[in-house]
Amino acid sequence: MAQEQELSQLLQVRRDKLKELQNEGLDPFIITKFDRTHLSTDITEGCKTEEREVTMRGETKRGIAKISPLNGQRVTVAGRIMSKRGMGKVGFCHIADIGGQIQIFVKRDILGDEDYDRFKKLDIGDIVGASGEVFTTQTGEISIRVDELTLLSKSLLPLPEKFHGMTDTDLRYRQRYIDLIMNADVKKTFINRSKIIAAIRGYLNERGFLEVETPMLVSNAGGAAARPFETHFNALDEDFKLRISLELYLKRLIVGGFDKVYEIGRVFRNEGLDTRHNPEFTLMELYQAYTDYHGMMDLTENLYRHVAQTVLGTTKITYNGVEMDLGKPFERITMVDAVKKYSGVDFNEIHTLDEARAAADANHVEYEKRHKKGDILNLFFEQFAEEHMIQPTFVMDHPIEISPLTKKKPDDPEYVERFEFFMNGWEMANAYSELNDPVDQRERFKAQEEQLAQGDEEANTTDEDFMRALEIGMPPTGGIGFGIDRMCMLLTDSPAIRDVLLFPTMKPIEG
């Protein structure tokens, strides 16, 4: 109760300060623009150092002082006050902008009595513009000697206390704007996320891929094993779904003659929340005519290497203390060999569903009555092998039962030309030699609908317009889907998907 009263008093003090400014004709909220000449990083980066007398904690001794390349020049900056201290006729603030922080030095003799008194009434969290000369203080810190100071926005709510910050994780996700203000590492993560996506686009665009946009609101949500969100379109009085994948529309474009296409966009899956899943997430899918899944492996390997080098300056990344090397050739292993390696069960020696069930029972692998031999192989992989896929690894040649949109292997039709790319024990990408046989595709859709009838809510239904496109004719094609959020997690060493989503899905606060 005492804390609530104290907060209420703080809020009222800030509102009183705003009212006082408004009465003086100095309402900061009527300012429409402010012209700044530099960011903090323009002033603090590229500096040189020199040894000189430096005063620290009241003691003067020889030390290292930083000298800005803009030393002696007049600059104008703008940002949020993050700290503030005053010593009679002299005051200091650190203000933060997108680049970082810069100290401003305010002196009554320079700024004038009225403006200095207004400076003393500023609060942490206020947004100000400051002009003055760049110099290095007696303590050796690059600063701006301010001769003009403008309040641009009054903060009416106090920021979290400096040393404790935002320690409530749930609150950080709900109030990301405060999280970005208080935590420089969080801001860096999202800057790097933007750089990662830009690097992906640059790599693909330079290689002739065309970026496109396809519908989010669809009548048939296919292309992946997932439950869709459903909605109703009033104007047409029709039920629609939010897309779970980008695949089927991008393949239509391959049919239409676009040989290389990709899309980076949001997809929506009605599934649970955990450290690697959010119902709304960013997916990239690309398709290239006249290549296969081996071509997609080469592209994936080169793309990951390029993005890491471009954004991080290295192909060695560390996630949760584990180093992964993108500079070495990625391992390639079949799903059957991976299961044999880590479980001891060789599915090359298992020929019937009864034998697969017996192997599952003997190894405590749980399965459902509807599961076929290939489904059980995949369950073995998930239980025994997946966690061991730490270094970059392509797991190849999946069973046909779990791959309804993939070409069969010509020499072994029980399996398909598909791979999943793993790092850190996570699936990072999924790729196929795309099925372009319309007769085979219709049979696969039929099998999926049978699975749906047996209770598999993630099974696909037949998309007749997509079937029409295949019947027009699609060339041999390689395709792949990348989870952008998981990629960002790995490259920024972020523990949860919510740490790389600016505004993750949250349960509303009641009341």
# chains A, B, ... in the order shown; residues from 1 in each chain; ligands from 1

call {"tool": "closest_atom_pairs", "arguments": {"of": "range 216-305 of chain A", "to": "range 183-207 of chain A", "cutoff": "12 Å", "atoms": "only C-alpha atoms", "output": "CSV"}}
result
residue,atom,partner,partner_atom,distance
A:Asp259,CA,A:Arg207,CA,11.6
A:Lys260,CA,A:Arg207,CA,8.9
A:Val261,CA,A:Leu204,CA,9.1
A:Tyr262,CA,A:Leu204,CA,8.3
A:Glu263,CA,A:Arg201,CA,9.6
A:Ile264,CA,A:Ile197,CA,8.6
A:Gly265,CA,A:Ile197,CA,11.0
A:Thr282,CA,A:Ile197,CA,10.4
A:Leu283,CA,A:Ile197,CA,10.9
A:Met284,CA,A:Ile200,CA,9.6
A:Glu285,CA,A:Leu204,CA,11.5
A:Leu286,CA,A:Leu204,CA,9.3
A:Tyr287,CA,A:Leu204,CA,11.2
A:Gln288,CA,A:Arg207,CA,11.0
A:Leu299,CA,A:Leu204,CA,9.5
A:Thr300,CA,A:Ile200,CA,10.7
A:Asn302,CA,A:Tyr203,CA,9.4
A:Leu303,CA,A:Tyr203,CA,7.0
A:Tyr304,CA,A:Ile200,CA,8.6
A:Arg305,CA,A:Ile200,CA,10.7

call {"tool": "write_last_selection", "arguments": {"atoms": "N, CA and C atoms", "output": "compact mmCIF listing (two decimals), in the first residue's frame"}}
result
# COMPACT_ATOMS: atom_id res chain seq x y z
N ASP A 259 10.92 -19.11 -62.00
CA ASP A 259 11.80 -20.24 -61.70
C ASP A 259 12.37 -20.21 -60.29
N LYS A 260 12.52 -19.02 -59.71
CA LYS A 260 13.08 -18.90 -58.36
C LYS A 260 12.24 -17.89 -57.59
N VAL A 261 11.53 -18.36 -56.57
CA VAL A 261 10.67 -17.46 -55.77
C VAL A 261 10.89 -17.73 -54.28
N TYR A 262 10.68 -16.68 -53.49
CA TYR A 262 10.70 -16.87 -52.05
C TYR A 262 9.77 -15.87 -51.40
N GLU A 263 9.36 -16.20 -50.18
CA GLU A 263 8.54 -15.30 -49.38
C GLU A 263 8.97 -15.40 -47.92
N ILE A 264 9.06 -14.26 -47.26
CA ILE A 264 9.29 -14.20 -45.82
C ILE A 264 8.03 -13.59 -45.22
N GLY A 265 7.32 -14.36 -44.40
CA GLY A 265 6.06 -13.84 -43.89
C GLY A 265 5.56 -14.60 -42.69
N THR A 282 7.46 -16.33 -37.98
CA THR A 282 7.94 -15.94 -39.30
C THR A 282 8.59 -17.12 -40.00
N LEU A 283 8.10 -17.39 -41.19
CA LEU A 283 8.59 -18.49 -42.00
C LEU A 283 9.12 -17.95 -43.32
N MET A 284 10.19 -18.55 -43.81
CA MET A 284 10.61 -18.27 -45.18
C MET A 284 10.54 -19.57 -45.97
N GLU A 285 9.91 -19.51 -47.10
CA GLU A 285 9.94 -20.64 -48.02
C GLU A 285 10.45 -20.16 -49.37
N LEU A 286 11.25 -21.02 -50.01
CA LEU A 286 11.73 -20.70 -51.36
C LEU A 286 11.62 -21.94 -52.23
N TYR A 287 11.44 -21.69 -53.51
CA TYR A 287 11.32 -22.77 -54.49
C TYR A 287 12.14 -22.43 -55.72
N GLN A 288 12.83 -23.44 -56.23
CA GLN A 288 13.69 -23.25 -57.39
C GLN A 288 13.44 -24.38 -58.38
N LEU A 299 22.26 -24.87 -51.03
CA LEU A 299 21.79 -23.50 -50.79
C LEU A 299 21.72 -23.21 -49.30
N THR A 300 21.17 -24.15 -48.53
CA THR A 300 21.02 -23.96 -47.08
C THR A 300 22.38 -23.78 -46.42
N ASN A 302 25.24 -22.80 -47.69
CA ASN A 302 25.87 -21.54 -48.08
C ASN A 302 25.15 -20.32 -47.50
N LEU A 303 23.81 -20.42 -47.42
CA LEU A 303 23.04 -19.31 -46.87
C LEU A 303 23.33 -19.10 -45.39
N TYR A 304 23.30 -20.18 -44.61
CA TYR A 304 23.59 -20.06 -43.17
C TYR A 304 25.00 -19.49 -42.95
N ARG A 305 25.94 -19.99 -43.73
CA ARG A 305 27.33 -19.52 -43.58
C ARG A 305 27.42 -18.03 -43.91

call {"tool": "closest_atom_pairs", "arguments": {"of": "range 247-351 of chain A", "to": "range 424-447 of chain A", "cutoff": "9 Å", "atoms": "only C-alpha atoms", "output": "JSON lines"}}
result
{"residue": "A:Lys251", "atom": "CA", "partner": "A:Glu434", "partner_atom": "CA", "distance": 9.0}
{"residue": "A:Arg276", "atom": "CA", "partner": "A:Trp426", "partner_atom": "CA", "distance": 8.9}
{"residue": "A:Tyr287", "atom": "CA", "partner": "A:Glu434", "partner_atom": "CA", "distance": 8.9}
{"residue": "A:Thr291", "atom": "CA", "partner": "A:Ser433", "partner_atom": "CA", "distance": 7.7}
{"residue": "A:Asp292", "atom": "CA", "partner": "A:Ser433", "partner_atom": "CA", "distance": 4.6}
{"residue": "A:Tyr293", "atom": "CA", "partner": "A:Ser433", "partner_atom": "CA", "distance": 4.8}
{"residue": "A:His294", "atom": "CA", "partner": "A:Ser433", "partner_atom": "CA", "distance": 8.3}
{"residue": "A:Met296", "atom": "CA", "partner": "A:Ala431", "partner_atom": "CA", "distance": 6.9}
{"residue": "A:Met297", "atom": "CA", "partner": "A:Ala431", "partner_atom": "CA", "distance": 8.2}
{"residue": "A:Thr300", "atom": "CA", "partner": "A:Ala429", "partner_atom": "CA", "distance": 8.5}
{"residue": "A:Tyr319", "atom": "CA", "partner": "A:Asn424", "partner_atom": "CA", "distance": 8.0}
{"residue": "A:Val322", "atom": "CA", "partner": "A:Asn424", "partner_atom": "CA", "distance": 8.3}
{"residue": "A:Met324", "atom": "CA", "partner": "A:Asn424", "partner_atom": "CA", "distance": 8.0}

call {"tool": "select_by_dssp", "arguments": {"residues": "range 6-64 of chain A", "states": "strand (DSSP E)", "output": "ChimeraX atom specification"}}
result
/A:48-56,59-64

call {"tool": "atom_distance", "arguments": {"atom1": "CA of Arg243 in chain A", "atom2": "CA of Phe229 in chain A"}}
result
8.1 Å

call {"tool": "atom_distance", "arguments": {"atom1": "CA of Gly46 in chain A", "atom2": "CA of Ile110 in chain A"}}
result
28.2 Å

call {"tool": "closest_residue", "arguments": {"among": "A:Phe466, A:Phe29, A:Phe281, A:Phe347", "to": "Lys154 in chain A", "atoms": "only C-alpha atoms"}}
result
A:Phe29

call {"tool": "residues_around", "arguments": {"residues": "Arg80 in chain A", "least_positions_apart": "2", "cutoff": "8 Å", "atoms": "only C-alpha atoms", "output": "JSON, numbers by chain"}}
result
{"A": [78, 82, 95, 96, 97, 124, 125, 126, 127, 128]}

call {"tool": "write_last_selection", "arguments": {"atoms": "C-alpha atoms", "output": "compact mmCIF listing (two decimals), in the first residue's frame"}}
result
# COMPACT_ATOMS: atom_id res chain seq x y z
CA ALA A 78 18.29 13.67 -29.22
CA MET A 82 18.70 7.42 -18.67
CA ILE A 95 20.82 10.19 -23.05
CA ALA A 96 20.11 7.09 -25.13
CA ASP A 97 19.30 6.82 -28.82
CA ILE A 124 14.72 10.18 -16.03
CA GLY A 125 12.70 8.97 -19.01
CA ASP A 126 12.16 12.43 -20.50
CA ILE A 127 13.16 12.83 -24.15
CA VAL A 128 15.37 15.82 -24.91

call {"tool": "residues_around", "arguments": {"residues": "Ile43 in chain A", "least_positions_apart": "3", "cutoff": "9 Å", "atoms": "only C-alpha atoms", "output": "VMD selection string"}}
result
chain A and resid 38 to 40 46 to 47 68 to 71 75 102 134 142 to 143

call {"tool": "write_last_selection", "arguments": {"atoms": "C-alpha atoms", "output": "PDB file, in the first residue's frame"}}
result
ATOM      1  CA  HIS A  38      24.386  13.023 -35.141  1.00  0.00           C
ATOM      2  CA  LEU A  39      23.664   9.799 -33.285  1.00  0.00           C
ATOM      3  CA  SER A  40      25.575   8.916 -30.151  1.00  0.00           C
ATOM      4  CA  GLY A  46      36.248   5.757 -34.065  1.00  0.00           C
ATOM      5  CA  CYS A  47      37.740   7.663 -31.148  1.00  0.00           C
ATOM      6  CA  SER A  68      36.129  11.767 -30.334  1.00  0.00           C
ATOM      7  CA  PRO A  69      36.861  12.356 -34.028  1.00  0.00           C
ATOM      8  CA  LEU A  70      34.266  15.148 -33.668  1.00  0.00           C
ATOM      9  CA  ASN A  71      36.107  16.766 -30.770  1.00  0.00           C
ATOM     10  CA  VAL A  75      26.543  18.662 -32.756  1.00  0.00           C
ATOM     11  CA  ILE A 102      26.205   9.826 -24.820  1.00  0.00           C
ATOM     12  CA  VAL A 134      31.970  17.716 -28.271  1.00  0.00           C
ATOM     13  CA  ILE A 142      33.380  11.849 -24.349  1.00  0.00           C
ATOM     14  CA  SER A 143      30.574  14.355 -23.746  1.00  0.00           C
TER      15      SER A 143
END

call {"tool": "residues_around", "arguments": {"residues": "Ile402 in chain A", "least_positions_apart": "4", "cutoff": "12 Å", "atoms": "only C-alpha atoms", "output": "count of residues only"}}
result
29

call {"tool": "closest_residue", "arguments": {"among": "A:Lys369, A:Lys340, A:Ala469, A:Thr461", "to": "Asp354 in chain A", "atoms": "only C-alpha atoms"}}
result
A:Lys369

call {"tool": "residues_around", "arguments": {"residues": "range 231-237 of chain A", "least_positions_apart": "3", "cutoff": "10 Å", "atoms": "only C-alpha atoms", "output": "ChimeraX atom specification"}}
result
/A:217-218,228,240-242

call {"tool": "write_last_selection", "arguments": {"atoms": "N, CA and C atoms", "output": "PDB file, in the first residue's frame"}}
result
ATOM      1  N   LEU A 217      -4.998 -15.177 -45.744  1.00  0.00           N
ATOM      2  CA  LEU A 217      -6.361 -15.633 -45.494  1.00  0.00           C
ATOM      3  C   LEU A 217      -6.737 -16.586 -46.624  1.00  0.00           C
ATOM      4  N   VAL A 218      -6.940 -17.871 -46.298  1.00  0.00           N
ATOM      5  CA  VAL A 218      -7.102 -18.896 -47.335  1.00  0.00           C
ATOM      6  C   VAL A 218      -8.310 -19.770 -47.019  1.00  0.00           C
ATOM      7  N   PRO A 228      -4.956 -25.180 -38.220  1.00  0.00           N
ATOM      8  CA  PRO A 228      -5.075 -23.757 -38.550  1.00  0.00           C
ATOM      9  C   PRO A 228      -6.003 -23.009 -37.594  1.00  0.00           C
ATOM     10  N   PHE A 240     -12.974 -18.924 -43.531  1.00  0.00           N
ATOM     11  CA  PHE A 240     -11.600 -18.910 -44.015  1.00  0.00           C
ATOM     12  C   PHE A 240     -10.666 -19.357 -42.900  1.00  0.00           C
ATOM     13  N   LYS A 241      -9.422 -19.619 -43.270  1.00  0.00           N
ATOM     14  CA  LYS A 241      -8.388 -20.008 -42.317  1.00  0.00           C
ATOM     15  C   LYS A 241      -7.173 -19.098 -42.497  1.00  0.00           C
ATOM     16  N   LEU A 242      -6.405 -18.955 -41.439  1.00  0.00           N
ATOM     17  CA  LEU A 242      -5.109 -18.294 -41.559  1.00  0.00           C
ATOM     18  C   LEU A 242      -4.094 -19.325 -42.024  1.00  0.00           C
TER      19      LEU A 242
END

call {"tool": "atom_distance", "arguments": {"atom1": "CA of Leu452 in chain A", "atom2": "CA of Asp465 in chain A"}}
result
19.9 Å

call {"tool": "closest_residue", "arguments": {"among": "A:Val395, A:Ala496, A:Ala130, A:Ile64", "to": "Arg36 in chain A", "atoms": "only C-alpha atoms"}}
result
A:Ala130

call {"tool": "residues_around", "arguments": {"residues": "Ala289 in chain A", "least_positions_apart": "4", "cutoff": "7 Å", "atoms": "only C-alpha atoms", "output": "MDAnalysis selection string"}}
result
chainID A and resid 254 259:260 475:478

call {"tool": "select_by_dssp", "arguments": {"residues": "range 143-298 of chain A", "states": "helix (DSSP H, G or I)", "output": "ChimeraX atom specification"}}
result
/A:169-174,176-182,184-206,247-255,293-298

call {"tool": "closest_residue", "arguments": {"among": "A:Glu510, A:Asp239, A:Glu24, A:Glu213", "to": "Arg118 in chain A", "atoms": "only C-alpha atoms"}}
result
A:Glu24

call {"tool": "closest_residue", "arguments": {"among": "A:Gly79, A:Pro404, A:Gly86, A:Gly25", "to": "Gly99 in chain A", "atoms": "only C-alpha atoms"}}
result
A:Gly79
